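Right, one structure below, let's go through it.
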Amino acid sequence: MKKIIFIIFISMLVTSCFSLYDYGSDVIVDDYETLWIDLYESRALKKGEILVPAYVFAVGYDSKYIYSKQHPLVENAAQKINREIIHYYIIERTVSGFQDKPVFGPFNKTDFEKKCVELAIKNPKFNLTFPTKWYFD
């Protein structure tokens, strides 16, 4: 009996070691998603590879493009978000398994609006949003 309990205990211990991190993802459309691993501040936009680095806090899309807002992380400060800067990105959607169409950005708001006019994106809406402050900030 002790041998069975010992085997069960060791099995639980070994299997619990394989999930030492936390993560979350949200599908935007098709194969595009936001993903964070271990820390919310690592949320990035990806399609197999990182297209927009952390911290992505708003995303929207239409039939041809995905657009996102990003606060860059503070340099030399582990996982701190610089909430004073907003970068905008525009990603041309593709059905390919990898991103083989342009990723435009980072832009400031004025340049983003100009690029939207150039690409005929009318009234981009950021329907998927994420917090930029947590209770422990």
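Quick note on naming: the chains in the structure tokens go A, B, ... in the order shown, residues restart at 1 in each chain, and ligands are numbered from 1 in order of appearance.
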
How close does each residue of segment 48-68 of chain A get to segment 103-119 of chain A, giving the shortest atom pair and distance in Å to one decimal for every residue with an atom at most 12 Å away, counting only C-alpha atoms, sorted by chain and residue number, as a Markdown table?
| residue | atom | partner | partner_atom | distance |
| --- | --- | --- | --- | --- |
| A:Ile50 | CA | A:Val103 | CA | 11.0 |
| A:Leu51 | CA | A:Val103 | CA | 7.3 |
| A:Val52 | CA | A:Val103 | CA | 8.7 |
| A:Pro53 | CA | A:Pro106 | CA | 10.3 |
| A:Val56 | CA | A:Pro106 | CA | 12.0 |
| A:Asp62 | CA | A:Leu119 | CA | 11.9 |
| A:Lys64 | CA | A:Leu119 | CA | 9.7 |
| A:Tyr65 | CA | A:Leu119 | CA | 9.2 |
| A:Ile66 | CA | A:Val103 | CA | 9.4 |
| A:Tyr67 | CA | A:Phe104 | CA | 9.3 |
| A:Ser68 | CA | A:Pro106 | CA | 9.7 |

Got time to write the residues from that selection, N, CA, C and O atoms, as a tab-separated table (two decimals), in the first residue's frame?
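Here's the written file result17.tsv:
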chain	number	residue	atom	x	y	z
A	50	ILE	N	5.78	36.48	-33.54
A	50	ILE	CA	5.38	37.77	-32.98
A	50	ILE	C	5.35	38.81	-34.10
A	50	ILE	O	6.35	39.02	-34.78
A	51	LEU	N	4.21	39.45	-34.29
A	51	LEU	CA	4.06	40.52	-35.28
A	51	LEU	C	4.10	41.89	-34.62
A	51	LEU	O	4.61	42.84	-35.20
A	52	VAL	N	3.50	41.98	-33.43
A	52	VAL	CA	3.53	43.22	-32.65
A	52	VAL	C	3.99	42.84	-31.24
A	52	VAL	O	3.33	42.05	-30.58
A	53	PRO	N	5.11	43.39	-30.79
A	53	PRO	CA	5.63	43.01	-29.48
A	53	PRO	C	4.81	43.59	-28.33
A	53	PRO	O	3.95	44.44	-28.52
A	56	VAL	N	0.52	44.68	-26.15
A	56	VAL	CA	-0.63	44.97	-27.00
A	56	VAL	C	-1.85	45.13	-26.10
A	56	VAL	O	-2.16	44.24	-25.31
A	62	ASP	N	-10.73	44.30	-39.92
A	62	ASP	CA	-11.77	44.31	-40.94
A	62	ASP	C	-11.45	43.18	-41.91
A	62	ASP	O	-10.63	42.31	-41.60
A	64	LYS	N	-9.70	43.06	-44.51
A	64	LYS	CA	-8.37	43.06	-45.11
A	64	LYS	C	-7.22	43.30	-44.12
A	64	LYS	O	-6.11	42.87	-44.36
A	65	TYR	N	-7.50	43.98	-43.00
A	65	TYR	CA	-6.43	44.38	-42.09
A	65	TYR	C	-6.76	44.08	-40.63
A	65	TYR	O	-7.92	44.02	-40.24
A	66	ILE	N	-5.70	43.94	-39.86
A	66	ILE	CA	-5.78	43.91	-38.40
A	66	ILE	C	-5.02	45.14	-37.93
A	66	ILE	O	-3.97	45.47	-38.49
A	67	TYR	N	-5.53	45.84	-36.94
A	67	TYR	CA	-4.84	47.01	-36.42
A	67	TYR	C	-4.76	46.88	-34.91
A	67	TYR	O	-5.63	46.28	-34.28
A	68	SER	N	-3.67	47.39	-34.36
A	68	SER	CA	-3.49	47.24	-32.92
A	68	SER	C	-2.84	48.47	-32.32
A	68	SER	O	-2.18	49.24	-33.00

Practice item. Would you kindly return, as a PyMOL selection string, each protein, DNA or RNA residue with an atom no farther than 8 Å from any atom of Pro72 of chain A, considering only C-alpha atoms and excluding same-chain residues fewer than 4 positions away? Key: chain A and resi 53-55+81-83+85-87

Exercise for review: Work out how far apart atom CA of Lys101 of chain A and atom CA of Ser42 of chain A are and give it in Å to one decimal.
Suggested key: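 Pair atom CA of Lys101 of chain A / atom CA of Ser42 of chain A returns 24.1 Å.
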
**Study point:** Pick from A:Ala44, A:Ser96, A:Ile37, A:Gly60, whichever lies nearest to Asn127 of chain A using only C-alpha atoms
**Key:**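 Looking only at the distances to Asn127 of chain A, the closest residue turns out to be A:Gly60.
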
**Study point:** Between atom CA of Lys133 of chain A and atom CA of Ile121 of chain A, distance in Å (one decimal)
**Key:**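 We find that atom CA of Lys133 of chain A and atom CA of Ile121 of chain A lie 29.4 Å from each other.
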
Within 10 Å of Lys46 of chain A using only C-alpha atoms, minus same-chain residues under 3 positions, as a compact mmCIF listing (two decimals) with C-alpha atoms, in the first residue's frame:
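What landed in result19.txt:
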# COMPACT_ATOMS: atom_id res chain seq x y z
CA VAL A 27 -8.19 34.69 -31.04
CA ILE A 28 -8.61 37.85 -33.09
CA ASP A 31 -4.81 32.39 -37.09
CA TYR A 32 -4.13 35.79 -35.52
CA GLU A 33 -4.15 35.97 -31.74
CA THR A 34 -2.86 37.82 -28.74
CA LEU A 35 -0.81 35.74 -26.36
CA ARG A 43 0.89 40.21 -24.31
CA GLU A 49 5.53 34.48 -34.86
CA ILE A 50 5.38 37.77 -32.98
CA LEU A 51 4.06 40.52 -35.28
CA VAL A 52 3.53 43.22 -32.65
CA PRO A 53 5.63 43.01 -29.48
CA PHE A 98 2.88 32.52 -41.96
CA GLN A 99 2.78 36.31 -42.30

Exercise for review: Calculate how many Å separate atom CA of Gln70 of chain A from atom CA of Tyr88 of chain A, rounding to one decimal.
Suggested key: 6.3 Å

**Study point:** Nearest-residue call for Leu73 of chain A, choices A:Tyr40, A:Gly97, A:Asp30, A:Lys47, using only C-alpha atoms
**Key:** A:Tyr40

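Proximity to Phe57 of chain A at 6 Å, evaluated using only C-alpha atoms and with sequence-adjacent residues fewer than 4 positions away removed, yields A:Lys69, A:Gln70, A:Thr129, A:Phe130.
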
Exercise for review: Check segment 54-119 of chain A with DSSP on the backbone and list each residue it calls strand (DSSP E), as a count of residues only.
Suggested key: 23
